[in-house]
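Student: Quick one: this structure, given as structure tokens, is what I'll be asking you about.
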Protein chains: 2
Amino acid sequence: MSPADRNDPTSLFKAAQAGDRVSLARLLSLVERGGAPSRVTAVLAYQAKLTAYTVGITGAPGAGKSTLVDQLIAIARASDQVGVLAIDPSSPFSGGAILGDRVRMQNHALDDGVFIRSMATRGQLGGLAVAVPDAVRVLSAAGFPMVLIETVGVGQQEVSIASAADTTVVVVNPGWGDSIQANKAGLMEIADLFVINKADRPGAPETRRDLEQMLDLTDLDDLDGWRPPVVETVASAGDGCDQLWDAVGRHRAHLTERGLLDERRRRRLEREFRQILVARVEQRIDSSQFGEVLAEVTKALAAGDIDPYEAADRMLIDIANHEARIDDDSSA
Amino acid sequence: MSPADRNDPTSLFKAAQAGDRVSLARLLSLVERGGAPSRVTAVLAYQAKLTAYTVGITGAPGAGKSTLVDQLIAIARASDQVGVLAIDPSSPFSGGAILGDRVRMQNHALDDGVFIRSMATRGQLGGLAVAVPDAVRVLSAAGFPMVLIETVGVGQQEVSIASAADTTVVVVNPGWGDSIQANKAGLMEIADLFVINKADRPGAPETRRDLEQMLDLTDLDDLDGWRPPVVETVASAGDGCDQLWDAVGRHRAHLTERGLLDERRRRRLEREFRQILVARVEQRIDSSQFGEVLAEVTKALAAGDIDPYEAADRMLIDIANHEARIDDDSSA
């Protein structure tokens with residue numbers, strides 16, 4: 001096999017599908033960076049369809065997510081090749097966690113059946129909400145039937161990334177009762193499984209009780225008939241990790257047997273498409289044509305002369321016309 | 001004065017301007033909740049123009065932001081009435097910090113010249129990126145010349161909120177050198193001042209050295225000629241807080257004397273207007289008219305039959321036509 005042209009997505013994609021890890025890494029860089037090559041890559045990955053199963057692992061900093069992911073890689077690897085995306089929330093404050101993750105995950109560096117990649121991007125059109133699912137599709141096309149997505153961070157964006165998985169695992173620690181109480185709605189929205197990690201510390205029974213009470217009060221019909229199990233782990237010692245992986249398998253079986261997996265993926269695709277759509281609008285606003293208009297509107301806003309909502313509606317019509325003209329050009 | 005109609009923004013706004021705190025609280029709830037009343041409120045607040053100076057305080061959880069804010073309220077209060085917005089990042093994981101903040105800030109609960117408000121919203125059109133500046137304008141119109149914005153959280157969204165201030169203070173702790181190294185670009189983008197809080201702990205000199213080295217390598221022209229000072233505090237004991245407030249004052253004078261404040265506010269208004277604009281587009285996508293189209297597109301995407309970018313461009317044209325029709329209706 002001749003080495004793939006490192007700037008041509010189509011050639012890289014073919015090589016990655018044939019098992020070339022260097023081409024795969026390069027493709028993921030293109031996805032991360034955005035622009036035209038990332039778009040070509042995305043289209044190829046869409047055509048290849050999604051076959052991989054994705055498991056998201058999310059939780060606040062310090063919850064022990066990366067140690068847990070490390071254990072899950074080893075367990076999943078026994079049956080499958082495993083791709084891992086460790087997502088940097090593009091925040092000025094990572095607490096150094098990303099660096100730590102990379103170091104820890106080097107445990108698997110010599111195993112060609114494990115591919116680990118950190119991602120952080122603002123360049124990609126639509127941001128991480130588009131780049132992460134694109135990266136998952138690329139890993140899937142490259143032959144990874146299992147992809148783990150670890151999100152380092154706790155903001156809304158990271159949660160939406162974590163929930164872009166088939167099964168989402170929320171990691172908490174003993175003593176987080178207040179936090180759980182305060183965030184019931186958000187937790188129930190994304191969690192298919194709860195893990196109480198560091199369960200050897202004081203307060204694990206109370207945290208379990210808080211979670212179970214929350215689940216008792218939730219209508220299972222809202223959760224597609226699945227009551228999220230609560231698993232206790234001590235990831236640093238490997239305790240409970242097999243049980244966690246079994247629970248992931250049970251959730252997967254639940255989704256598959258009831259035809260819920262396709263429905264979930266359909267909803268995700270819809271969200272993703274909307275992200276692309278909004279990003280295209282933002283591109284148009286950024287185009288030189290609107291710079292002057294934007295400056296005038298801003299001046300009038302500062303002077304208190306205009307209603308920002310009316311001004312937005314007027315500018316949307318301008319953008320609409322701009323789009324219509326682009327359409328005319330391309331069909332001419 | 002007759003009590004304001006609690007559902008009429010115009011009546012509430014007048015009452016809030018006359019000093020009625022209950023009406024002010026109610027107005028901020030409208031802003032937080034979104035919808036038509038929030039839009040009316042926003043327009044009134046825009047008309048009143050922004051006179052308040054805003055100071056943002058941001059940093060990772062546990063940095064001691066709320067203790068610091070507590071001290072700054074007391075110092076600022078000596079000369080001005082102070083409004084405080086404590087922003088909940090709408091995250092499923094707050095670590096209980098918001099509750100703690102509320103309790104701590106009750107120190108000022110009996111002082112009518114201090115108004116503290118926690119905000120968390122997904123309901124508002126454009127999210128917190130629109131709601132927070134609207135809330136600042138409302139506080140300004142209600143006669144608060146100083147508004148502090150504390151963002152509890154570390155994601156991109158929270159940082160963009162914190163940077164929506166005239167002066168932005170980034171709070172770090174001793175020992176955060178790795179984190180600072182890893183996030184230079186993001187920090188320099190938002191910080192007008194650095195605070196090393198808990199400076200009595202080991203590692204403060206090293207953290208200062210890391211920050212100063214980072215600043216040494218930054219072109220001051222990129223920072224409008226202002227080198228962000230590094231102030232050490234032990235907020236729990238009040239140490240260094242006066243010096244911090246003096247530094248805020250020096251930054252304010254720097255912006256004012258060089259005419260940079262207006263330019264900063266103009267850029268913020270432009271960002272805000274773009275948020276409103278994109279949110280309007282999202283509203284249109286959500287309208288019933290596009291439900292069926294979206295379902296078809298999603299199906300074709302799942303089958304790998306279409307290019308998501310081409311599909312987005314086609315749908316933008318549909319949305320454009322939809323917008324044009326709305327325009328026709330309203331002008332008929």
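Scheme for the structure tokens: letters A, B, ... for chains in order shown; per-chain residue numbers from 1; ligand numbers from 1 in order shown.
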Neighbouring residues of A:Gln275 were defined as those with any atom within 12 Å, considering only C-alpha atoms; residues of the same chain fewer than 6 positions away were excluded. Please report them as a PyMOL selection string.

Tutor: (chain A and resi 124-131+133+160+268-269+281-282) or (chain B and resi 278-279+281-282+285+308-309+312)

Student: Hey, could you lay chain B over chain A with a least-squares C-alpha fit (all atoms, paired in order) and save it as a compact mmCIF listing (two decimals) with C-alpha atoms, in the first residue's frame?

Tutor:
```
# COMPACT_ATOMS: atom_id res chain seq x y z
CA MET B 1 0.07 0.01 0.06
CA SER B 2 1.44 3.39 -0.94
CA PRO B 3 1.31 5.99 1.83
CA ALA B 4 -1.81 8.13 1.71
CA ASP B 5 -1.48 11.73 0.61
CA ARG B 6 -1.51 13.44 4.01
CA ASN B 7 -3.59 16.33 2.76
CA ASP B 8 -6.21 14.44 0.76
CA PRO B 9 -9.15 13.28 2.90
CA THR B 10 -10.35 10.75 0.34
CA SER B 11 -6.97 9.04 0.14
CA LEU B 12 -6.56 9.19 3.96
CA PHE B 13 -10.04 7.75 4.46
CA LYS B 14 -9.31 4.76 2.23
CA ALA B 15 -6.04 4.13 4.06
CA ALA B 16 -7.72 4.45 7.48
CA GLN B 17 -10.39 1.95 6.42
CA ALA B 18 -7.57 -0.41 5.43
CA GLY B 19 -6.20 -0.15 8.99
CA ASP B 20 -3.55 2.57 8.68
CA ARG B 21 -3.48 4.31 12.08
CA VAL B 22 -1.35 7.22 10.90
CA SER B 23 -3.95 8.09 8.28
CA LEU B 24 -6.68 7.72 10.90
CA ALA B 25 -4.89 10.16 13.24
CA ARG B 26 -4.45 12.60 10.39
CA LEU B 27 -8.15 12.37 9.47
CA LEU B 28 -9.16 13.12 13.04
CA SER B 29 -6.89 16.17 12.97
CA LEU B 30 -8.72 17.36 9.86
CA VAL B 31 -12.05 16.87 11.63
CA GLU B 32 -10.76 18.74 14.67
CA ARG B 33 -9.41 21.63 12.62
CA GLY B 34 -12.50 22.18 10.49
CA GLY B 35 -12.68 23.72 7.03
CA ALA B 36 -13.12 22.08 3.65
CA PRO B 37 -11.06 18.88 4.30
CA SER B 38 -13.12 18.24 7.44
CA ARG B 39 -16.28 18.59 5.39
CA VAL B 40 -15.06 16.06 2.82
CA THR B 41 -14.11 13.71 5.67
CA ALA B 42 -17.54 14.11 7.25
CA VAL B 43 -19.33 13.31 4.00
CA LEU B 44 -17.22 10.16 3.49
CA ALA B 45 -17.92 9.09 7.08
CA TYR B 46 -21.66 9.68 6.64
CA GLN B 47 -21.61 7.52 3.50
CA ALA B 48 -19.87 4.72 5.40
CA LYS B 49 -22.76 4.77 7.93
CA LEU B 50 -22.36 4.41 11.65
CA THR B 51 -21.76 0.87 12.90
CA ALA B 52 -19.85 1.56 16.14
CA TYR B 53 -21.54 1.54 19.53
CA THR B 54 -20.68 4.61 21.60
CA VAL B 55 -20.49 4.92 25.38
CA GLY B 56 -20.19 8.39 26.92
CA ILE B 57 -18.59 8.92 30.33
CA THR B 58 -19.20 12.27 31.99
CA GLY B 59 -18.95 13.87 35.42
CA ALA B 60 -17.41 16.75 37.32
CA PRO B 61 -13.62 17.15 37.48
CA GLY B 62 -12.00 14.84 40.00
CA ALA B 63 -14.73 12.20 39.80
CA GLY B 64 -12.20 9.71 38.49
CA LYS B 65 -13.48 9.45 34.93
CA SER B 66 -10.15 8.77 33.29
CA THR B 67 -9.19 6.00 35.69
CA LEU B 68 -12.59 4.48 35.01
CA VAL B 69 -12.17 4.83 31.24
CA ASP B 70 -8.76 3.22 31.56
CA GLN B 71 -10.37 0.17 33.20
CA LEU B 72 -13.23 0.05 30.69
CA ILE B 73 -10.79 0.07 27.78
CA ALA B 74 -9.11 -3.03 29.19
CA ILE B 75 -12.44 -4.82 29.69
CA ALA B 76 -13.95 -3.85 26.31
CA ARG B 77 -10.68 -4.70 24.54
CA ALA B 78 -11.13 -8.37 25.45
CA SER B 79 -13.81 -8.63 22.77
CA ASP B 80 -13.46 -5.57 20.53
CA GLN B 81 -11.10 -2.98 19.18
CA VAL B 82 -11.72 0.22 21.14
CA GLY B 83 -11.56 3.86 20.04
CA VAL B 84 -11.45 6.55 22.73
CA LEU B 85 -12.19 10.26 22.35
CA ALA B 86 -11.13 12.39 25.35
CA ILE B 87 -12.84 15.73 24.91
CA ASP B 88 -11.26 18.97 26.08
CA PRO B 89 -14.09 21.43 26.69
CA SER B 90 -12.10 24.26 25.06
CA SER B 91 -12.09 25.93 28.42
CA PRO B 92 -9.36 28.18 29.74
CA PHE B 93 -9.55 26.03 32.86
CA SER B 94 -8.90 22.35 32.38
CA GLY B 95 -7.24 21.85 35.75
CA GLY B 96 -4.59 19.93 33.87
CA ALA B 97 -6.89 16.93 33.63
CA ILE B 98 -6.37 16.45 29.93
CA LEU B 99 -2.63 16.06 30.35
CA GLY B 100 -3.20 13.56 33.14
CA ASP B 101 -5.60 11.60 30.97
CA ARG B 102 -3.12 11.34 28.16
CA VAL B 103 -0.44 10.04 30.46
CA ARG B 104 -2.72 7.51 32.11
CA MET B 105 -4.15 6.21 28.88
CA GLN B 106 -0.65 5.50 27.62
CA ASN B 107 -1.12 2.17 29.43
CA HIS B 108 -2.72 1.07 26.20
CA ALA B 109 -0.27 2.81 23.87
CA LEU B 110 1.35 -0.42 22.65
CA ASP B 111 -1.95 -2.10 21.83
CA ASP B 112 -2.84 -1.51 18.17
CA GLY B 113 -6.45 -2.44 18.93
CA VAL B 114 -6.83 0.65 21.13
CA PHE B 115 -6.83 4.11 19.60
CA ILE B 116 -6.93 7.10 21.97
CA ARG B 117 -7.41 10.64 20.84
CA SER B 118 -7.83 13.93 22.74
CA MET B 119 -9.97 16.49 20.99
CA ALA B 120 -10.33 20.22 21.54
CA THR B 121 -11.61 22.51 18.89
CA ARG B 122 -13.18 25.80 18.15
CA GLY B 123 -12.18 25.79 14.51
CA GLN B 124 -14.68 23.28 13.23
CA LEU B 125 -17.97 24.59 11.84
CA GLY B 126 -20.50 24.01 14.63
CA GLY B 127 -17.79 23.31 17.22
CA LEU B 128 -17.44 20.09 19.17
CA ALA B 129 -21.14 19.34 18.73
CA VAL B 130 -20.33 18.56 15.09
CA ALA B 131 -16.69 17.49 15.40
CA VAL B 132 -17.26 14.75 17.99
CA PRO B 133 -19.96 12.82 16.08
CA ASP B 134 -17.87 13.22 12.92
CA ALA B 135 -14.88 11.75 14.78
CA VAL B 136 -17.05 8.85 16.02
CA ARG B 137 -18.13 8.11 12.45
CA VAL B 138 -14.51 8.18 11.28
CA LEU B 139 -13.49 5.73 14.03
CA SER B 140 -16.44 3.55 13.10
CA ALA B 141 -15.46 3.57 9.43
CA ALA B 142 -11.88 2.67 10.46
CA GLY B 143 -13.20 -0.53 12.00
CA PHE B 144 -13.69 0.27 15.69
CA PRO B 145 -16.93 -1.37 16.84
CA MET B 146 -16.71 0.32 20.27
CA VAL B 147 -16.04 4.01 20.90
CA LEU B 148 -15.75 5.56 24.38
CA ILE B 149 -16.27 9.31 24.69
CA GLU B 150 -14.88 10.85 27.86
CA THR B 151 -15.84 14.46 28.45
CA VAL B 152 -13.53 16.34 30.76
CA GLY B 153 -15.66 19.19 31.98
CA VAL B 154 -19.03 19.98 33.41
CA GLY B 155 -20.63 22.69 31.27
CA GLN B 156 -23.71 22.40 29.12
CA GLN B 157 -21.64 21.84 26.01
CA GLU B 158 -19.78 18.88 27.51
CA VAL B 159 -22.99 17.31 28.72
CA SER B 160 -24.50 17.58 25.26
CA ILE B 161 -21.40 15.86 23.90
CA ALA B 162 -21.62 13.08 26.46
CA SER B 163 -25.29 12.60 25.66
CA ALA B 164 -24.35 12.14 22.01
CA ALA B 165 -23.59 8.53 22.93
CA ASP B 166 -25.72 5.39 22.73
CA THR B 167 -25.20 4.78 26.45
CA THR B 168 -24.26 7.64 28.77
CA VAL B 169 -22.58 6.94 32.12
CA VAL B 170 -22.66 9.70 34.76
CA VAL B 171 -19.88 9.46 37.34
CA VAL B 172 -20.42 10.85 40.84
CA ASN B 173 -18.55 10.45 44.13
CA PRO B 174 -19.67 9.78 47.71
CA GLY B 175 -20.79 12.99 49.37
CA TRP B 176 -22.26 14.54 46.26
CA GLY B 177 -25.81 14.40 47.56
CA ASP B 178 -26.42 18.16 47.48
CA SER B 179 -25.15 18.39 43.95
CA ILE B 180 -27.40 15.52 42.89
CA GLN B 181 -30.41 17.10 44.57
CA ALA B 182 -29.74 20.43 42.90
CA ASN B 183 -29.41 18.94 39.43
CA LYS B 184 -32.01 16.21 39.25
CA ALA B 185 -33.52 17.30 35.96
CA GLY B 186 -30.21 17.61 34.13
CA LEU B 187 -28.97 14.27 35.45
CA MET B 188 -32.13 12.39 34.51
CA GLU B 189 -31.95 13.93 31.05
CA ILE B 190 -28.62 12.34 30.19
CA ALA B 191 -27.88 9.41 32.51
CA ASP B 192 -28.46 5.82 31.39
CA LEU B 193 -26.26 4.61 34.22
CA PHE B 194 -24.91 6.10 37.41
CA VAL B 195 -21.53 5.20 38.80
CA ILE B 196 -20.54 6.03 42.35
CA ASN B 197 -16.79 5.98 41.93
CA LYS B 198 -14.42 6.06 44.92
CA ALA B 199 -17.16 4.05 46.63
CA ASP B 200 -14.74 3.02 49.39
CA ARG B 201 -14.92 6.56 50.76
CA PRO B 202 -17.44 7.57 53.44
CA GLY B 203 -20.87 8.56 52.21
CA ALA B 204 -21.35 6.01 49.42
CA PRO B 205 -24.57 4.54 50.91
CA GLU B 206 -26.07 8.04 51.31
CA THR B 207 -25.18 8.96 47.74
CA ARG B 208 -26.77 5.73 46.51
CA ARG B 209 -29.88 6.51 48.56
CA ASP B 210 -30.06 10.01 47.02
CA LEU B 211 -29.78 8.59 43.51
CA GLU B 212 -32.32 5.82 44.11
CA GLN B 213 -34.77 8.30 45.65
CA MET B 214 -34.42 10.51 42.60
CA LEU B 215 -35.05 7.48 40.36
CA ASP B 216 -38.05 6.43 42.48
CA LEU B 217 -39.65 9.79 41.70
CA THR B 218 -39.05 9.56 37.96
CA ASP B 219 -41.63 8.18 35.57
CA LEU B 220 -39.97 5.24 33.80
CA ASP B 221 -42.04 5.94 30.70
CA ASP B 222 -40.01 9.15 30.31
CA LEU B 223 -36.89 7.00 30.30
CA ASP B 224 -38.02 4.52 27.61
CA GLY B 225 -38.81 1.99 30.34
CA TRP B 226 -35.21 1.83 31.55
CA ARG B 227 -34.38 2.55 35.18
CA PRO B 228 -30.73 3.67 35.26
CA PRO B 229 -28.83 1.27 37.51
CA VAL B 230 -26.47 2.62 40.16
CA VAL B 231 -23.12 0.84 40.13
CA GLU B 232 -20.41 1.31 42.76
CA THR B 233 -16.77 1.29 41.68
CA VAL B 234 -13.30 1.90 43.03
CA ALA B 235 -11.75 2.44 39.62
CA SER B 236 -8.21 2.85 40.97
CA ALA B 237 -8.40 -0.77 42.22
CA GLY B 238 -10.56 -2.02 39.35
CA ASP B 239 -13.40 -2.87 41.76
CA GLY B 240 -16.87 -2.90 40.23
CA CYS B 241 -15.68 -2.13 36.70
CA ASP B 242 -16.79 -5.50 35.29
CA GLN B 243 -20.23 -4.93 36.84
CA LEU B 244 -20.31 -1.48 35.25
CA TRP B 245 -19.47 -2.90 31.84
CA ASP B 246 -22.16 -5.58 32.29
CA ALA B 247 -24.68 -2.81 33.02
CA VAL B 248 -23.61 -0.99 29.85
CA GLY B 249 -24.23 -4.25 27.98
CA ARG B 250 -27.70 -4.61 29.52
CA HIS B 251 -28.59 -1.07 28.50
CA ARG B 252 -27.36 -1.76 24.99
CA ALA B 253 -29.50 -4.90 24.82
CA HIS B 254 -32.50 -2.95 26.13
CA LEU B 255 -32.11 -0.34 23.38
CA THR B 256 -31.54 -2.90 20.64
CA GLU B 257 -34.34 -5.28 21.60
CA ARG B 258 -36.91 -2.50 21.75
CA GLY B 259 -35.80 -0.77 18.56
CA LEU B 260 -34.87 2.29 20.62
CA LEU B 261 -31.31 2.53 19.37
CA ASP B 262 -32.33 3.67 15.89
CA GLU B 263 -34.71 6.23 17.38
CA ARG B 264 -31.95 7.59 19.63
CA ARG B 265 -29.54 7.87 16.74
CA ARG B 266 -32.20 9.56 14.61
CA ARG B 267 -32.71 12.21 17.31
CA ARG B 268 -28.96 12.73 17.56
CA LEU B 269 -28.63 13.14 13.81
CA GLU B 270 -31.40 15.71 13.86
CA ARG B 271 -29.61 17.70 16.60
CA GLU B 272 -26.40 17.48 14.66
CA PHE B 273 -28.00 18.63 11.44
CA ARG B 274 -29.46 21.64 13.24
CA GLN B 275 -25.98 22.50 14.51
CA ILE B 276 -24.63 22.45 10.98
CA LEU B 277 -27.54 24.57 9.82
CA VAL B 278 -27.05 27.25 12.47
CA ALA B 279 -23.31 27.24 11.83
CA ARG B 280 -23.95 27.96 8.15
CA VAL B 281 -26.07 30.96 9.12
CA GLU B 282 -23.25 32.20 11.36
CA GLN B 283 -20.87 31.88 8.43
CA ARG B 284 -23.14 34.11 6.36
CA ILE B 285 -23.34 36.72 9.13
CA ASP B 286 -19.55 36.68 9.21
CA SER B 287 -19.25 37.25 5.48
CA SER B 288 -17.92 40.65 4.43
CA GLN B 289 -21.30 41.65 3.00
CA PHE B 290 -22.76 42.06 6.48
CA GLY B 291 -19.87 43.77 8.26
CA GLU B 292 -21.13 47.29 7.57
CA VAL B 293 -24.78 46.50 8.36
CA LEU B 294 -23.72 44.94 11.66
CA ALA B 295 -21.68 48.04 12.55
CA GLU B 296 -24.67 50.33 11.91
CA VAL B 297 -27.05 48.15 13.90
CA THR B 298 -24.61 48.02 16.83
CA LYS B 299 -24.29 51.82 16.85
CA ALA B 300 -28.06 52.25 16.91
CA LEU B 301 -28.37 49.64 19.70
CA ALA B 302 -25.77 51.45 21.84
CA ALA B 303 -27.70 54.71 21.39
CA GLY B 304 -30.90 52.98 22.49
CA ASP B 305 -32.46 53.94 19.16
CA ILE B 306 -33.66 50.52 17.96
CA ASP B 307 -35.26 47.34 19.20
CA PRO B 308 -32.71 44.50 18.89
CA TYR B 309 -35.42 41.98 18.07
CA GLU B 310 -36.88 44.01 15.23
CA ALA B 311 -33.39 44.70 13.95
CA ALA B 312 -32.62 40.96 14.02
CA ASP B 313 -35.76 40.20 12.03
CA ARG B 314 -34.84 42.79 9.44
CA MET B 315 -31.31 41.45 9.11
CA LEU B 316 -32.60 37.88 8.76
CA ILE B 317 -34.43 38.98 5.65
CA ASP B 318 -31.19 40.45 4.28
CA ILE B 319 -29.43 37.18 5.03
CA ALA B 320 -32.29 35.34 3.35
CA ASN B 321 -31.81 37.39 0.19
CA HIS B 322 -28.08 36.79 0.38
CA GLU B 323 -28.75 33.06 0.57
CA ALA B 324 -31.13 33.23 -2.35
CA ARG B 325 -28.45 34.94 -4.40
CA ILE B 326 -25.92 32.27 -3.52
CA ASP B 327 -28.45 29.72 -4.69
CA ASP B 328 -28.90 31.59 -8.01
CA ASP B 329 -25.14 31.70 -8.52
CA SER B 330 -24.65 28.00 -7.96
CA SER B 331 -27.49 26.99 -10.25
CA ALA B 332 -26.41 29.38 -13.05
```
